[in-house]
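So this one's start35.txt, compact mmCIF, C-alpha atoms:
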# COMPACT_ATOMS: atom_id res chain seq x y z
CA MET W 1 -38.47 37.00 -55.34
CA ALA W 2 -40.85 38.78 -57.76
CA LEU W 3 -39.23 41.52 -59.82
CA GLN W 4 -40.51 45.02 -59.07
CA LEU W 5 -40.12 46.59 -62.49
CA SER W 6 -41.15 50.09 -61.40
CA HIS W 7 -38.42 50.08 -58.75
CA ALA W 8 -35.85 48.88 -61.30
CA VAL W 9 -36.80 51.74 -63.64
CA SER W 10 -36.59 54.46 -60.96
CA ASP W 11 -33.39 53.05 -59.47
CA GLY W 12 -31.80 52.67 -62.92
CA ILE W 13 -32.55 56.29 -63.77
CA ARG W 14 -31.00 57.44 -60.48
CA ARG W 15 -27.86 55.47 -61.31
CA THR W 16 -27.70 57.09 -64.75
CA VAL W 17 -27.98 60.70 -63.53
CA SER W 18 -25.09 60.24 -61.09
CA ARG W 19 -21.65 61.70 -61.80
CA THR W 20 -20.32 58.27 -62.76
CA GLY W 21 -23.34 57.64 -64.94
CA GLY W 22 -22.59 60.86 -66.82
CA ILE W 23 -19.01 59.75 -67.47
CA LEU W 24 -20.23 56.36 -68.69
CA PHE W 25 -22.69 58.13 -70.99
CA LEU W 26 -19.94 60.19 -72.63
CA GLY W 27 -17.71 57.14 -73.02
CA PHE W 28 -20.46 55.11 -74.63
CA LEU W 29 -21.29 58.04 -76.92
CA ALA W 30 -17.68 58.15 -78.12
CA ILE W 31 -17.67 54.41 -78.80
CA GLN W 32 -20.93 54.63 -80.78
CA PHE W 33 -19.53 57.42 -82.92
CA GLY W 34 -16.42 55.30 -83.49
CA LEU W 35 -18.49 52.31 -84.59
CA GLN W 36 -20.61 54.42 -86.95
CA ILE W 37 -17.62 56.18 -88.52
CA SER W 38 -15.57 52.99 -88.93
CA ALA W 39 -18.52 51.08 -90.45
CA ASN W 40 -19.20 53.85 -92.97
CA SER W 41 -15.49 54.12 -93.77
CA ALA W 42 -15.21 50.37 -94.34
CA VAL W 43 -18.18 50.27 -96.71
CA LEU W 44 -17.04 53.35 -98.61
CA GLY W 45 -13.47 52.07 -98.90
CA LEU W 46 -14.46 48.61 -100.15
CA LEU W 47 -16.69 49.88 -102.95
CA PRO W 48 -15.36 50.26 -106.50
CA PRO W 49 -14.19 53.84 -107.23
CA GLU W 50 -17.24 54.69 -109.37
CA ALA W 51 -19.72 53.40 -106.80
CA ALA W 52 -17.74 54.95 -103.93
CA GLU W 53 -17.92 58.38 -105.55
CA GLN W 54 -21.69 58.08 -105.92
CA PHE W 55 -22.17 56.62 -102.43
CA SER W 56 -19.94 59.21 -100.73
CA GLN W 57 -22.78 61.73 -100.73
CA ASP W 58 -24.92 59.40 -98.62
CA ALA W 59 -22.12 57.82 -96.59
CA GLY W 60 -22.57 60.09 -93.58
CA LEU W 61 -19.71 60.25 -91.10
CA ALA W 62 -16.68 58.56 -92.69
CA LEU W 63 -12.90 58.78 -92.88
CA PRO W 64 -10.90 58.82 -96.14
CA ILE W 65 -9.16 55.52 -95.45
CA PRO W 66 -8.89 52.19 -97.33
CA GLY W 67 -11.65 49.66 -96.78
CA SER W 68 -9.33 47.22 -95.04
CA ALA W 69 -8.33 49.91 -92.56
CA GLY W 70 -11.99 50.69 -91.96
CA VAL W 71 -12.72 47.02 -91.26
CA ALA W 72 -9.75 46.76 -88.89
CA LEU W 73 -10.84 49.93 -87.08
CA PHE W 74 -14.38 48.58 -86.74
CA VAL W 75 -13.14 45.29 -85.25
CA VAL W 76 -10.91 47.11 -82.76
CA ILE W 77 -13.76 49.37 -81.64
CA MET W 78 -16.10 46.38 -81.35
CA ILE W 79 -13.65 44.72 -78.95
CA LEU W 80 -13.30 48.01 -77.08
CA SER W 81 -17.09 48.19 -76.91
CA SER W 82 -17.27 44.77 -75.25
CA THR W 83 -14.59 45.82 -72.76
CA TYR W 84 -16.54 48.98 -72.02
CA LEU W 85 -19.71 46.94 -71.49
CA VAL W 86 -17.91 44.93 -68.81
CA ILE W 87 -16.95 48.15 -67.00
CA LEU W 88 -20.49 49.47 -67.47
CA SER W 89 -21.91 46.30 -65.91
CA ARG W 90 -19.59 46.39 -62.91
CA THR W 91 -20.22 50.08 -62.30
CA PHE W 92 -24.01 50.01 -62.56
CA ALA W 93 -24.18 46.83 -60.45
CA GLN W 94 -22.50 48.40 -57.43
CA PRO W 95 -24.57 49.76 -54.51
CA GLN W 96 -26.46 52.99 -55.19
CA SER W 97 -24.59 54.72 -52.37
CA GLU W 98 -21.26 54.10 -54.19
CA MET W 99 -22.30 55.42 -57.61
CA SER W 100 -20.20 58.55 -57.14
CA ARG W 101 -17.10 56.59 -58.16
CA PHE W 102 -16.02 53.61 -60.22
CA PRO W 103 -15.68 50.31 -58.33
CA ALA W 104 -12.23 48.99 -57.49
CA THR W 105 -13.12 45.83 -59.44
CA SER W 106 -13.88 47.67 -62.71
CA MET W 107 -10.57 46.58 -64.32
CA ARG W 108 -10.36 43.08 -62.78
CA ARG W 109 -9.38 40.33 -65.27
CA LEU W 110 -10.57 42.61 -68.06
CA GLY W 111 -9.04 40.69 -70.97
CA ARG W 112 -10.50 37.33 -69.97
CA THR W 113 -13.90 38.81 -69.23
CA THR W 114 -13.98 40.68 -72.55
CA VAL W 115 -13.35 37.44 -74.46
CA PHE W 116 -16.15 35.69 -72.56
CA ALA W 117 -18.45 38.64 -73.23
CA LEU W 118 -17.69 38.58 -76.96
CA VAL W 119 -18.14 34.82 -77.39
CA GLY W 120 -21.19 34.61 -75.15
CA GLY W 121 -22.75 37.65 -76.79
CA LEU W 122 -22.31 36.03 -80.20
CA ILE W 123 -23.97 32.81 -78.99
CA ILE W 124 -26.90 34.74 -77.53
CA THR W 125 -27.31 36.90 -80.65
CA ILE W 126 -27.42 33.87 -82.94
CA SER W 127 -29.88 32.08 -80.61
CA ILE W 128 -32.21 35.09 -80.50
CA MET W 129 -32.04 35.53 -84.27
CA LEU W 130 -32.93 31.87 -84.83
CA GLY W 131 -35.74 32.09 -82.30
CA THR W 132 -37.10 35.22 -83.96
CA VAL W 133 -36.96 33.66 -87.43
CA LEU W 134 -38.88 30.59 -86.27
CA LEU W 135 -41.46 32.63 -84.38
CA VAL W 136 -41.27 35.96 -82.60
CA LEU W 137 -42.05 34.55 -79.14
CA PRO W 138 -39.06 32.15 -78.90
CA GLY W 139 -36.72 35.04 -79.72
CA LEU W 140 -38.39 37.21 -77.10
CA PHE W 141 -38.20 34.39 -74.55
CA LEU W 142 -34.48 33.84 -75.16
CA ALA W 143 -33.70 37.57 -75.09
CA ALA W 144 -35.39 37.87 -71.68
CA SER W 145 -33.75 34.69 -70.38
CA PHE W 146 -30.20 35.81 -71.20
CA LEU W 147 -30.66 39.46 -70.20
CA PHE W 148 -28.32 39.05 -67.20
CA PHE W 149 -25.57 37.14 -69.02
CA MET W 150 -23.18 40.10 -69.03
CA PHE W 151 -23.63 40.69 -65.30
CA ALA W 152 -22.91 37.04 -64.53
CA VAL W 153 -19.71 37.30 -66.59
CA ALA W 154 -18.56 40.74 -65.43
CA VAL W 155 -19.81 40.95 -61.83
CA GLU W 156 -19.72 37.31 -60.74
CA ASP W 157 -16.64 36.31 -62.81
CA ARG W 158 -18.34 33.24 -64.26
CA GLY W 159 -17.49 31.40 -67.46
CA ILE W 160 -19.62 31.44 -70.59
CA ILE W 161 -21.76 28.35 -69.93
CA SER W 162 -22.06 29.11 -66.24
CA SER W 163 -23.17 32.68 -67.04
CA LEU W 164 -25.80 31.45 -69.48
CA LYS W 165 -27.16 29.09 -66.83
CA ARG W 166 -26.98 31.81 -64.17
CA SER W 167 -28.97 34.27 -66.27
CA TRP W 168 -31.50 31.57 -67.12
CA GLY W 169 -31.98 30.79 -63.43
CA LEU W 170 -32.20 34.42 -62.27
CA THR W 171 -34.82 35.32 -64.85
CA ARG W 172 -37.05 32.35 -64.02
CA GLY W 173 -40.42 33.68 -62.85
CA SER W 174 -39.71 37.21 -64.10
CA ARG W 175 -39.44 36.66 -67.85
CA ILE W 176 -42.75 38.34 -68.68
CA LYS W 177 -41.70 41.56 -66.95
CA LEU W 178 -38.22 41.38 -68.45
CA GLY W 179 -39.83 40.72 -71.81
CA ILE W 180 -41.40 44.17 -71.54
CA LEU W 181 -37.90 45.67 -71.46
CA VAL W 182 -36.95 43.63 -74.53
CA ILE W 183 -40.05 44.82 -76.40
CA VAL W 184 -39.26 48.44 -75.52
CA THR W 185 -35.80 47.94 -77.03
CA ALA W 186 -37.30 46.50 -80.22
CA LEU W 187 -39.73 49.42 -80.50
CA PHE W 188 -36.92 51.92 -80.05
CA GLY W 189 -34.87 50.14 -82.72
CA GLY W 190 -37.86 50.32 -85.05
CA VAL W 191 -38.22 54.07 -84.53
CA ILE W 192 -34.53 54.71 -85.15
CA GLY W 193 -34.63 52.38 -88.15
CA ALA W 194 -37.42 54.49 -89.63
CA VAL W 195 -36.08 57.97 -88.84
CA SER W 196 -32.49 57.47 -90.01
CA PRO W 197 -33.36 56.44 -93.62
CA LEU W 198 -35.78 59.39 -93.90
CA LEU W 199 -33.01 61.82 -92.98
CA THR W 200 -30.66 60.11 -95.44
CA LEU W 201 -33.24 60.36 -98.25
CA ALA W 202 -33.57 64.06 -97.43
CA GLY W 203 -29.84 64.47 -98.07
CA LEU W 204 -28.99 64.73 -94.37
CA SER W 205 -26.83 61.62 -94.05
CA VAL W 206 -24.46 63.19 -91.51
CA ALA W 207 -27.42 64.35 -89.42
CA ALA W 208 -28.87 60.84 -89.68
CA ASP W 209 -25.70 59.34 -88.20
CA ILE W 210 -25.56 61.92 -85.42
CA VAL W 211 -29.22 61.44 -84.51
CA THR W 212 -28.81 57.65 -84.51
CA VAL W 213 -25.72 57.71 -82.28
CA VAL W 214 -27.01 60.32 -79.80
CA PHE W 215 -30.47 58.81 -79.43
CA THR W 216 -29.08 55.27 -79.18
CA THR W 217 -26.75 56.34 -76.37
CA ALA W 218 -29.48 58.34 -74.61
CA PHE W 219 -31.69 55.25 -74.66
CA PHE W 220 -29.17 52.50 -74.00
CA VAL W 221 -27.30 53.86 -70.97
CA PRO W 222 -30.36 54.31 -68.70
CA TYR W 223 -31.84 51.12 -70.16
CA TYR W 224 -28.73 49.20 -69.15
CA ALA W 225 -28.83 50.76 -65.68
CA ILE W 226 -32.42 49.53 -65.35
CA ILE W 227 -31.32 46.01 -66.27
CA ALA W 228 -28.52 46.28 -63.68
CA SER W 229 -31.07 47.29 -61.04
CA ALA W 230 -33.31 44.36 -62.00
CA TYR W 231 -30.31 42.02 -61.77
CA LEU W 232 -29.46 43.30 -58.28
CA GLN W 233 -33.07 42.87 -57.16
CA LEU W 234 -33.24 39.25 -58.24
CA ARG W 235 -29.71 38.37 -57.13
CA ASP W 236 -30.08 39.90 -53.67
CA GLY W 237 -33.60 38.54 -53.31
CA GLU W 238 -32.30 35.07 -54.13
CA GLY W 239 -29.63 35.42 -51.44
CA ALA W 240 -32.17 36.57 -48.85
CA SER W 241 -34.43 33.66 -49.73
CA ASN W 242 -31.58 31.19 -49.33
CA ARG W 243 -30.62 32.64 -45.96
CA SER W 244 -34.22 32.45 -44.81
CA THR W 245 -34.39 28.81 -45.82
CA GLN W 246 -31.14 27.98 -44.04
CA ASN W 247 -32.22 29.73 -40.85
CA SER W 248 -35.69 28.19 -40.73
CA VAL W 249 -36.23 25.59 -38.03
CA ASP W 250 -37.15 22.07 -39.06
CA ALA W 251 -40.07 20.97 -36.87
CA SER W 252 -38.80 17.39 -36.91
CA GLU W 253 -35.64 18.54 -35.08
CA ILE W 254 -37.56 20.07 -32.15
CA PRO W 255 -37.41 17.73 -29.14
CA LYS W 256 -40.76 16.38 -28.11
CA LEU W 257 -41.82 17.31 -24.56

Take the structure I supplied and represent it as structure tokens, if you would.
Amino acid sequence: MALQLSHAVSDGIRRTVSRTGGILFLGFLAIQFGLQISANSAVLGLLPPEAAEQFSQDAGLALPIPGSAGVALFVVIMILSSTYLVILSRTFAQPQSEMSRFPATSMRRLGRTTVFALVGGLIITISIMLGTVLLVLPGLFLAASFLFFMFAVAVEDRGIISSLKRSWGLTRGSRIKLGILVIVTALFGGVIGAVSPLLTLAGLSVAADIVTVVFTTAFFVPYYAIIASAYLQLRDGEGASNRSTQNSVDASEIPKL
């Protein structure tokens, strides 16, 4: 089945503006603030006292805690972020008519799935980075090919290797359209990467962190809902195609008159 990207975009936006989508937005916003604050706190706490005093003016949102505590907090929130991504995947991948509530499966085997998400996400990130370093196109190709990895892990309860294969198979024939979504993400990252340093140079480091977190959340949540809609399109289209094939009549089995 060919991916209808315009339908995925409109359907993803509808999923985002639902009551459940609003709750997911606020939760993701809180996690992003936690990651930003813990990262700044870790850097500030690990610097020598003289450098830390000078850097504190440009540190943005940070807590007055030791560097080791900042690192530990960052790791904990990173794990929590992966867990939240599993819930996000399961919620956005449910039928549109059920978006007013969280699915009953949102907490199913959450620990196991979080571990798979973390390990698989690391594998994919390294693969995309290597592909991008070699040439831009291989990185783009891999990013599009593994776009549905999280849904295979979270929604279909697959293992790491099986989820990588599943995403690879689902994206076959639609990688150019999915590549557009990947490019949009890269462009957004470039804009944020340019705006945040400008605000920091202007002495607005706290504002830079707030802008980065808010705009990242405002982009990512509907973007992820669009990916969920694209996943559902291709998954359900694959099922319909298989049923059509199974129900088709083989002419060789028709008795000759």

Considering only C-alpha atoms, state which residue in the set W:Thr185, W:Gln4, W:Thr200, W:Ser100 is at the smallest distance from Tyr223 (chain W). W:Thr185

Find the residue from W:Met78, W:Phe116, W:Gly131, W:Ser174 that sits nearest to Arg158 (chain W); use only C-alpha atoms when measuring. W:Phe116

Can you build me a table of region 111-195 of chain W residues sitting at most 10 Å from region 203-221 of chain W, with the closest atom pair per residue and its distance in Å to one decimal, using all atoms listed in the file, sorted by chain and residue number, as a Markdown table?
| residue | atom | partner | partner_atom | distance |
| --- | --- | --- | --- | --- |
| W:Thr185 | CA | W:Phe220 | CA | 8.6 |
| W:Phe188 | CA | W:Phe219 | CA | 8.2 |
| W:Gly189 | CA | W:Thr216 | CA | 8.5 |
| W:Ile192 | CA | W:Thr212 | CA | 6.5 |
| W:Gly193 | CA | W:Thr212 | CA | 8.7 |
| W:Val195 | CA | W:Ala208 | CA | 7.8 |

Could you pull the residues within 12 Å of region 51-62 of chain W, counting all atoms listed in the file, minus those fewer than 3 positions along the same chain, as a count of residues only? 41

For Val155 (chain W), which of W:Tyr224, W:Phe28, W:Tyr84, W:Phe92 is the closest residue, counting all atoms listed in the file? W:Phe92

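If you count all atoms listed in the file and ignore residues fewer than 2 places along the chain from Met107 (chain W), what sits within 10 Å of it is Thr83, Val86, Ile87, Arg90, Phe102, Pro103, Ala104, Thr105, Arg109, Leu110, Gly111, Thr113 and Ala154 of chain W.
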
Among listed residues W:Thr132, W:Ser167, W:Thr16, W:Ser6, nearest Leu147 (chain W) (using all atoms listed in the file):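 The shortest atom-to-atom distance to Leu147 (chain W) comes from W:Ser167.
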
To one decimal in Å, tell me the separation between CA of Gly120 (chain W) and CA of Ser163 (chain W). 8.6 Å

Cut-off 10 Å around (-35.8, 39.5, -73.6) with all atoms listed in the file: residues as a VMD selection string: chain W and resid 128 137 to 148 171 175 to 186
